[in-house]
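S.K.: Got a structure for you, my_file_9.pdb, holding PDB, C-alpha atoms.
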```pdb
ATOM      1  CA  ILE A  20     -49.937  11.937 -24.876  1.00  0.00           C
ATOM      2  CA  SER A  21     -47.410  14.186 -23.169  1.00  0.00           C
ATOM      3  CA  VAL A  22     -43.809  15.125 -23.780  1.00  0.00           C
ATOM      4  CA  ASN A  23     -41.951  15.983 -20.579  1.00  0.00           C
ATOM      5  CA  GLY A  24     -45.268  16.841 -18.939  1.00  0.00           C
ATOM      6  CA  GLN A  25     -46.380  19.075 -21.823  1.00  0.00           C
ATOM      7  CA  ALA A  26     -48.776  18.256 -24.611  1.00  0.00           C
ATOM      8  CA  PRO A  27     -46.808  17.895 -27.857  1.00  0.00           C
ATOM      9  CA  GLN A  28     -47.895  19.561 -31.059  1.00  0.00           C
ATOM     10  CA  LEU A  29     -49.817  16.732 -32.696  1.00  0.00           C
ATOM     11  CA  ASP A  30     -51.847  16.637 -35.861  1.00  0.00           C
ATOM     12  CA  ASP A  31     -54.414  13.835 -35.814  1.00  0.00           C
ATOM     13  CA  GLU A  32     -56.009  12.945 -39.100  1.00  0.00           C
ATOM     14  CA  GLU A  33     -58.304  10.155 -40.176  1.00  0.00           C
ATOM     15  CA  GLY A  34     -56.507   8.107 -42.794  1.00  0.00           C
ATOM     16  CA  GLY A  35     -58.402   7.418 -46.001  1.00  0.00           C
ATOM     17  CA  GLY A  36     -57.553   3.712 -46.078  1.00  0.00           C
ATOM     18  CA  GLY A  37     -57.963   1.420 -43.100  1.00  0.00           C
ATOM     19  CA  GLY A  38     -58.810   4.147 -40.590  1.00  0.00           C
ATOM     20  CA  GLU A  39     -55.225   4.826 -39.529  1.00  0.00           C
ATOM     21  CA  ALA A  40     -54.636   7.987 -37.494  1.00  0.00           C
ATOM     22  CA  ALA A  41     -51.510   9.927 -38.485  1.00  0.00           C
ATOM     23  CA  THR A  42     -49.650  11.635 -35.673  1.00  0.00           C
ATOM     24  CA  SER A  43     -47.002  14.204 -36.511  1.00  0.00           C
ATOM     25  CA  LEU A  44     -44.153  14.198 -34.020  1.00  0.00           C
ATOM     26  CA  THR A  45     -43.163  17.429 -32.347  1.00  0.00           C
ATOM     27  CA  ASN A  46     -40.775  19.042 -34.833  1.00  0.00           C
ATOM     28  CA  GLY A  47     -40.614  15.907 -36.985  1.00  0.00           C
ATOM     29  CA  ASN A  48     -39.595  18.188 -39.833  1.00  0.00           C
ATOM     30  CA  PHE A  49     -36.593  19.509 -37.814  1.00  0.00           C
ATOM     31  CA  GLU A  50     -37.441  23.121 -38.672  1.00  0.00           C
ATOM     32  CA  THR A  51     -37.353  24.413 -35.056  1.00  0.00           C
ATOM     33  CA  TRP A  52     -34.031  24.611 -33.198  1.00  0.00           C
ATOM     34  CA  ALA A  53     -33.093  26.032 -29.777  1.00  0.00           C
ATOM     35  CA  ASN A  54     -29.633  26.059 -28.164  1.00  0.00           C
ATOM     36  CA  ASN A  55     -28.238  24.260 -31.256  1.00  0.00           C
ATOM     37  CA  LEU A  56     -30.606  21.291 -30.749  1.00  0.00           C
ATOM     38  CA  PRO A  57     -33.773  20.337 -32.637  1.00  0.00           C
ATOM     39  CA  THR A  58     -36.829  20.978 -30.456  1.00  0.00           C
ATOM     40  CA  GLY A  59     -38.396  17.674 -29.395  1.00  0.00           C
ATOM     41  CA  TRP A  60     -35.321  15.606 -30.279  1.00  0.00           C
ATOM     42  CA  LYS A  61     -33.097  15.503 -27.220  1.00  0.00           C
ATOM     43  CA  SER A  62     -34.098  12.945 -24.625  1.00  0.00           C
ATOM     44  CA  ALA A  63     -33.681  13.687 -20.932  1.00  0.00           C
ATOM     45  CA  SER A  64     -32.380  10.106 -20.605  1.00  0.00           C
ATOM     46  CA  THR A  65     -29.197   8.470 -21.889  1.00  0.00           C
ATOM     47  CA  ALA A  66     -31.053   7.458 -25.087  1.00  0.00           C
ATOM     48  CA  SER A  67     -29.630  10.568 -26.793  1.00  0.00           C
ATOM     49  CA  SER A  68     -25.968   9.786 -27.333  1.00  0.00           C
ATOM     50  CA  ALA A  69     -25.207  11.499 -30.651  1.00  0.00           C
ATOM     51  CA  THR A  70     -23.960  14.990 -31.296  1.00  0.00           C
ATOM     52  CA  LEU A  71     -26.591  16.754 -33.405  1.00  0.00           C
ATOM     53  CA  GLU A  72     -26.087  19.547 -35.902  1.00  0.00           C
ATOM     54  CA  GLN A  73     -28.461  21.587 -38.050  1.00  0.00           C
ATOM     55  CA  SER A  74     -28.266  20.984 -41.814  1.00  0.00           C
ATOM     56  CA  THR A  75     -29.672  23.007 -44.714  1.00  0.00           C
ATOM     57  CA  ASP A  76     -29.539  19.837 -46.851  1.00  0.00           C
ATOM     58  CA  ALA A  77     -33.174  18.997 -46.100  1.00  0.00           C
ATOM     59  CA  HIS A  78     -35.620  16.485 -47.548  1.00  0.00           C
ATOM     60  CA  GLY A  79     -38.444  18.987 -46.966  1.00  0.00           C
ATOM     61  CA  GLY A  80     -38.476  22.531 -45.609  1.00  0.00           C
ATOM     62  CA  ASN A  81     -35.291  24.425 -44.794  1.00  0.00           C
ATOM     63  CA  TYR A  82     -33.549  22.263 -42.192  1.00  0.00           C
ATOM     64  CA  ALA A  83     -32.718  18.685 -41.275  1.00  0.00           C
ATOM     65  CA  CYS A  84     -30.677  17.077 -38.485  1.00  0.00           C
ATOM     66  CA  ILE A  85     -27.168  15.693 -38.875  1.00  0.00           C
ATOM     67  CA  VAL A  86     -26.578  12.751 -36.533  1.00  0.00           C
ATOM     68  CA  LYS A  87     -22.821  12.670 -35.996  1.00  0.00           C
ATOM     69  CA  GLY A  88     -21.284   9.234 -36.292  1.00  0.00           C
ATOM     70  CA  ASN A  89     -18.380   7.653 -34.460  1.00  0.00           C
ATOM     71  CA  THR A  90     -16.009   4.916 -35.578  1.00  0.00           C
ATOM     72  CA  THR A  91     -15.915   3.105 -32.216  1.00  0.00           C
ATOM     73  CA  THR A  92     -19.393   3.590 -30.659  1.00  0.00           C
ATOM     74  CA  ASN A  93     -22.992   3.479 -31.850  1.00  0.00           C
ATOM     75  CA  LYS A  94     -24.644   6.910 -31.684  1.00  0.00           C
ATOM     76  CA  ARG A  95     -28.374   7.584 -31.291  1.00  0.00           C
ATOM     77  CA  LEU A  96     -30.781  10.362 -32.162  1.00  0.00           C
ATOM     78  CA  ALA A  97     -33.665  10.073 -29.667  1.00  0.00           C
ATOM     79  CA  SER A  98     -36.941  11.916 -29.456  1.00  0.00           C
ATOM     80  CA  GLN A  99     -38.044  13.444 -26.199  1.00  0.00           C
ATOM     81  CA  GLU A 100     -40.011  11.073 -24.025  1.00  0.00           C
ATOM     82  CA  ILE A 101     -43.492  10.409 -25.463  1.00  0.00           C
ATOM     83  CA  LYS A 102     -46.301   8.608 -23.620  1.00  0.00           C
ATOM     84  CA  LEU A 103     -48.024   6.231 -26.055  1.00  0.00           C
ATOM     85  CA  ALA A 104     -51.170   4.165 -25.567  1.00  0.00           C
ATOM     86  CA  ALA A 105     -51.121   0.412 -26.107  1.00  0.00           C
ATOM     87  CA  GLY A 106     -51.319  -0.426 -29.793  1.00  0.00           C
ATOM     88  CA  SER A 107     -49.379  -0.716 -33.033  1.00  0.00           C
ATOM     89  CA  TYR A 108     -47.328   2.149 -34.449  1.00  0.00           C
ATOM     90  CA  ASN A 109     -45.265   3.043 -37.489  1.00  0.00           C
ATOM     91  CA  PHE A 110     -42.204   5.289 -37.066  1.00  0.00           C
ATOM     92  CA  SER A 111     -40.797   6.582 -40.339  1.00  0.00           C
ATOM     93  CA  PHE A 112     -38.209   9.142 -41.399  1.00  0.00           C
ATOM     94  CA  TRP A 113     -36.119  10.207 -44.379  1.00  0.00           C
ATOM     95  CA  VAL A 114     -32.346   9.756 -44.255  1.00  0.00           C
ATOM     96  CA  LYS A 115     -29.240  10.143 -46.379  1.00  0.00           C
ATOM     97  CA  PRO A 116     -25.486   9.795 -45.754  1.00  0.00           C
ATOM     98  CA  THR A 117     -23.272  12.889 -45.764  1.00  0.00           C
ATOM     99  CA  SER A 118     -20.521  11.187 -47.778  1.00  0.00           C
ATOM    100  CA  GLU A 119     -20.132   8.510 -50.444  1.00  0.00           C
ATOM    101  CA  ASN A 120     -18.848   6.012 -47.851  1.00  0.00           C
ATOM    102  CA  ILE A 121     -21.133   3.140 -46.897  1.00  0.00           C
ATOM    103  CA  ALA A 122     -23.470   4.063 -44.036  1.00  0.00           C
ATOM    104  CA  GLN A 123     -26.386   2.490 -42.194  1.00  0.00           C
ATOM    105  CA  VAL A 124     -29.138   3.411 -39.753  1.00  0.00           C
ATOM    106  CA  ARG A 125     -31.302   1.308 -37.471  1.00  0.00           C
ATOM    107  CA  PRO A 126     -34.719   2.544 -36.212  1.00  0.00           C
ATOM    108  CA  GLY A 127     -36.176   1.611 -32.857  1.00  0.00           C
ATOM    109  CA  TYR A 128     -37.460   2.747 -29.491  1.00  0.00           C
ATOM    110  CA  VAL A 129     -36.642   2.431 -25.814  1.00  0.00           C
ATOM    111  CA  PRO A 130     -39.016   2.572 -22.820  1.00  0.00           C
ATOM    112  CA  VAL A 131     -38.154   5.194 -20.206  1.00  0.00           C
ATOM    113  CA  VAL A 132     -39.258   4.856 -16.570  1.00  0.00           C
ATOM    114  CA  ASP A 133     -38.370   7.564 -14.026  1.00  0.00           C
ATOM    115  CA  GLY A 134     -35.648   8.891 -16.349  1.00  0.00           C
ATOM    116  CA  ALA A 135     -33.959   5.492 -16.786  1.00  0.00           C
ATOM    117  CA  VAL A 136     -33.950   3.657 -20.109  1.00  0.00           C
ATOM    118  CA  GLY A 137     -35.055   0.056 -20.402  1.00  0.00           C
ATOM    119  CA  ASN A 138     -34.170  -2.437 -23.133  1.00  0.00           C
ATOM    120  CA  TYR A 139     -33.702  -1.030 -26.614  1.00  0.00           C
ATOM    121  CA  THR A 140     -35.871  -2.561 -29.339  1.00  0.00           C
ATOM    122  CA  TYR A 141     -34.655  -2.132 -32.904  1.00  0.00           C
ATOM    123  CA  GLY A 142     -35.772  -2.888 -36.427  1.00  0.00           C
ATOM    124  CA  ASP A 143     -33.431  -3.944 -39.199  1.00  0.00           C
ATOM    125  CA  TYR A 144     -30.278  -2.168 -40.303  1.00  0.00           C
ATOM    126  CA  THR A 145     -30.736  -0.310 -43.586  1.00  0.00           C
ATOM    127  CA  THR A 146     -27.761   0.394 -45.834  1.00  0.00           C
ATOM    128  CA  LEU A 147     -28.049   3.903 -47.223  1.00  0.00           C
ATOM    129  CA  SER A 148     -27.743   4.955 -50.837  1.00  0.00           C
ATOM    130  CA  ALA A 149     -26.461   8.347 -51.996  1.00  0.00           C
ATOM    131  CA  GLY A 150     -29.871  10.063 -52.045  1.00  0.00           C
ATOM    132  CA  TRP A 151     -32.763  10.442 -49.636  1.00  0.00           C
ATOM    133  CA  GLN A 152     -34.588   7.256 -48.704  1.00  0.00           C
ATOM    134  CA  GLN A 153     -37.481   6.596 -46.353  1.00  0.00           C
ATOM    135  CA  ILE A 154     -37.083   4.163 -43.467  1.00  0.00           C
ATOM    136  CA  SER A 155     -40.202   2.660 -41.915  1.00  0.00           C
ATOM    137  CA  TYR A 156     -40.375   0.722 -38.638  1.00  0.00           C
ATOM    138  CA  ASP A 157     -43.451  -0.974 -37.123  1.00  0.00           C
ATOM    139  CA  PHE A 158     -43.733  -1.785 -33.420  1.00  0.00           C
ATOM    140  CA  THR A 159     -46.417  -2.748 -30.908  1.00  0.00           C
ATOM    141  CA  LEU A 160     -46.801  -1.712 -27.271  1.00  0.00           C
ATOM    142  CA  ASP A 161     -48.770  -4.059 -24.994  1.00  0.00           C
ATOM    143  CA  ALA A 162     -49.558  -1.308 -22.467  1.00  0.00           C
ATOM    144  CA  GLU A 163     -49.323   2.469 -22.166  1.00  0.00           C
ATOM    145  CA  THR A 164     -45.578   3.193 -22.257  1.00  0.00           C
ATOM    146  CA  THR A 165     -43.320   6.229 -22.188  1.00  0.00           C
ATOM    147  CA  VAL A 166     -40.758   5.818 -24.963  1.00  0.00           C
ATOM    148  CA  CYS A 167     -38.033   7.589 -26.875  1.00  0.00           C
ATOM    149  CA  LEU A 168     -38.042   6.922 -30.606  1.00  0.00           C
ATOM    150  CA  ILE A 169     -34.520   6.065 -31.756  1.00  0.00           C
ATOM    151  CA  VAL A 170     -32.442   6.320 -34.914  1.00  0.00           C
ATOM    152  CA  MET A 171     -29.104   4.560 -34.384  1.00  0.00           C
ATOM    153  CA  ASN A 172     -26.081   5.525 -36.456  1.00  0.00           C
ATOM    154  CA  PRO A 173     -23.894   2.407 -36.024  1.00  0.00           C
ATOM    155  CA  LYS A 174     -20.149   2.482 -35.427  1.00  0.00           C
ATOM    156  CA  ALA A 175     -17.648   1.634 -38.152  1.00  0.00           C
ATOM    157  CA  SER A 176     -17.687  -1.985 -39.335  1.00  0.00           C
ATOM    158  CA  SER A 177     -17.556  -3.953 -42.576  1.00  0.00           C
ATOM    159  CA  TYR A 178     -21.062  -2.618 -43.373  1.00  0.00           C
ATOM    160  CA  SER A 179     -20.924   0.938 -42.001  1.00  0.00           C
ATOM    161  CA  SER A 180     -18.443   3.817 -41.939  1.00  0.00           C
ATOM    162  CA  GLY A 181     -19.583   5.350 -38.646  1.00  0.00           C
ATOM    163  CA  GLU A 182     -19.830   8.683 -40.489  1.00  0.00           C
ATOM    164  CA  ASP A 183     -22.569  11.300 -40.238  1.00  0.00           C
ATOM    165  CA  VAL A 184     -26.120  10.846 -41.564  1.00  0.00           C
ATOM    166  CA  ILE A 185     -28.899  13.398 -42.117  1.00  0.00           C
ATOM    167  CA  ILE A 186     -32.442  12.770 -40.789  1.00  0.00           C
ATOM    168  CA  ASP A 187     -35.596  14.671 -41.795  1.00  0.00           C
ATOM    169  CA  ASP A 188     -39.400  14.460 -41.934  1.00  0.00           C
ATOM    170  CA  ALA A 189     -40.004  11.932 -39.142  1.00  0.00           C
ATOM    171  CA  THR A 190     -43.562  10.776 -38.426  1.00  0.00           C
ATOM    172  CA  LEU A 191     -45.277   8.468 -35.961  1.00  0.00           C
ATOM    173  CA  THR A 192     -48.557   6.835 -36.997  1.00  0.00           C
ATOM    174  CA  LYS A 193     -50.865   4.827 -34.753  1.00  0.00           C
ATOM    175  CA  LYS A 194     -52.210   1.958 -36.809  1.00  0.00           C
TER     176      LYS A 194
END
```
Would you write out, as structure tokens, the structure that this file holds?

M.R.:
Amino acid sequence: ISVNGQAPQLDDEEGGGGGEAATSLTNGNFETWANNLPTGWKSASTASSATLEQSTDAHGGNYACIVKGNTTTNKRLASQEIKLAAGSYNFSFWVKPTSENIAQVRPGYVPVVDGAVGNYTYGDYTTLSAGWQQISYDFTLDAETTVCLIVMNPKASSYSSGEDVIIDDATLTKK
């Protein structure tokens, strides 16, 4: 696995049940920031469309990432490009809205080839409650693929305000 040609900081563990291997994403806890961006969470492709901001309202640790919303366009937090082997994966993260207005997120991924994004693949929309909640998304890759993991903050609609959301403690697990 490499991230922009460099080996990411991964923690591989043998899971107690079912033999799953847990893989911690580079800076999945959003504790490390450089140039006002979370390390490991700004794609070199167009997959990263949201404005990101550091938050001290964290699920764990000291910091989390605010994904700025927009009333007229969907905005995406995207990981840096990660090369993944064929297989099944679980991408999970903790999220909460920054206001009492209705908000949603939608997890997913997009393949990236030579810096260009392919077709986005998403899970279900999740309507957010006032507190922290964990979102979990399963996907399968048929072949080794370079991807960006995505959290979409949808534009304003009857089910979403398009306002900011806070993301923290993201993990990727190979099943």

S.K.: Need the neighbours of (-37.6, 21.5, -30.4): which residues are at most 10 Å away, counting all atoms listed in the file, as a list in words?

M.R.: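 I get Thr45, Asn46, Gly47, Phe49, Glu50, Thr51, Trp52, Ala53, Asn54, Asn55, Leu56, Pro57, Thr58, Gly59, Trp60, Lys61, Ser98 and Gln99 of chain A for the residues within 10 Å of that point.
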
S.K.: Take the PyMOL selection byres ((chain A and resi 105) around 8), apply it to the structure above, and return the hits as JSON, numbers by chain.

M.R.: {"A": [103, 104, 106, 107, 159, 160, 161, 162, 163, 164]}

S.K.: Would you compute the distance between atom CA of A:Val131 and atom CA of A:Asn89? Give it in Å to one decimal.

M.R.: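 Between these atoms lies a distance of 24.5 Å.
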
S.K.: I need the residue set behind the PyMOL selection byres ((chain A and resi 94) around 10) for this file; please write it as a ChimeraX atom specification.

M.R.: /A:66-70,86-93,95-97,124,169-174,181,183

S.K.: To one decimal place in Å, what is the distance between atom CA of A:Thr65 and atom CA of A:Ala135?

M.R.: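 Going from atom CA of A:Thr65 over to atom CA of A:Ala135 covers 7.6 Å.
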
S.K.: Please report the interatomic distance between atom CA of A:Phe112 and atom CA of A:Ala83 in Å with one decimal.

M.R.: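 The value is 11.0 Å.
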
S.K.: Which residues, protein or nucleic acid, reach to within 6 Å of (-36.3, 6.8, -25.6) in the file's coordinates when using all atoms listed in the file, and can you give that as a compact mmCIF listing (two decimals) with C-alpha atoms, in the coordinates of the input?

M.R.:
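Saved the output as selection12.txt:
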```txt
# COMPACT_ATOMS: atom_id res chain seq x y z
CA ALA A 66 -31.05 7.46 -25.09
CA ALA A 97 -33.66 10.07 -29.67
CA GLU A 100 -40.01 11.07 -24.02
CA TYR A 128 -37.46 2.75 -29.49
CA VAL A 129 -36.64 2.43 -25.81
CA PRO A 130 -39.02 2.57 -22.82
CA VAL A 131 -38.15 5.19 -20.21
CA VAL A 166 -40.76 5.82 -24.96
CA CYS A 167 -38.03 7.59 -26.88
CA LEU A 168 -38.04 6.92 -30.61
```

S.K.: Compile the contact shell of stretch 155-158 of chain A as a PyMOL selection string: residues with an atom at most 8 Å away, counting only C-alpha atoms, same-chain residues fewer than 3 positions apart removed.

M.R.: chain A and resi 107-112+126-127+142

S.K.: Residues of the last selection are to be written out with C-alpha atoms, as a short mmCIF file (atom, residue, chain, number, x, y, z; two decimals), in the coordinates of the input.

M.R.:
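This is the output file selection.cif:
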```
data_model
loop_
_atom_site.label_atom_id
_atom_site.label_comp_id
_atom_site.auth_asym_id
_atom_site.auth_seq_id
_atom_site.Cartn_x
_atom_site.Cartn_y
_atom_site.Cartn_z
CA SER A 107 -49.38 -0.72 -33.03
CA TYR A 108 -47.33 2.15 -34.45
CA ASN A 109 -45.26 3.04 -37.49
CA PHE A 110 -42.20 5.29 -37.07
CA SER A 111 -40.80 6.58 -40.34
CA PHE A 112 -38.21 9.14 -41.40
CA PRO A 126 -34.72 2.54 -36.21
CA GLY A 127 -36.18 1.61 -32.86
CA GLY A 142 -35.77 -2.89 -36.43
#
```

S.K.: Which of these, A:Asn81, A:Asn138, A:Asn120, A:Ser62, has the shortest distance to A:Ser180 once you count only C-alpha atoms?

M.R.: A:Asn120

S.K.: Going by the chain IDs and residue numbers used in this file, which residues fall under the PyMOL selection byres ((chain A and resi 74) around 7)? Write them as a PDB file with C-alpha atoms, in the coordinates of the input.

M.R.:
```pdb
ATOM      1  CA  GLU A  72     -26.087  19.547 -35.902  1.00  0.00           C
ATOM      2  CA  GLN A  73     -28.461  21.587 -38.050  1.00  0.00           C
ATOM      3  CA  THR A  75     -29.672  23.007 -44.714  1.00  0.00           C
ATOM      4  CA  ASP A  76     -29.539  19.837 -46.851  1.00  0.00           C
ATOM      5  CA  ALA A  77     -33.174  18.997 -46.100  1.00  0.00           C
ATOM      6  CA  TYR A  82     -33.549  22.263 -42.192  1.00  0.00           C
ATOM      7  CA  ALA A  83     -32.718  18.685 -41.275  1.00  0.00           C
ATOM      8  CA  CYS A  84     -30.677  17.077 -38.485  1.00  0.00           C
ATOM      9  CA  ILE A  85     -27.168  15.693 -38.875  1.00  0.00           C
TER      10      ILE A  85
END
```

S.K.: So, counting all atoms listed in the file, which residue among A:Thr140, A:Leu71, A:Ile101, A:Leu44 is closest to A:Ile186?

M.R.: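 The closest residue to A:Ile186 is A:Leu71.
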
S.K.: From the set A:Ala63, A:Trp113, A:Ile185, A:Gly80, which residue has the shortest atom-to-atom contact distance to A:Asp133, counting all atoms listed in the file?

M.R.: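 Under the stated criterion, the closest residue is A:Ala63.
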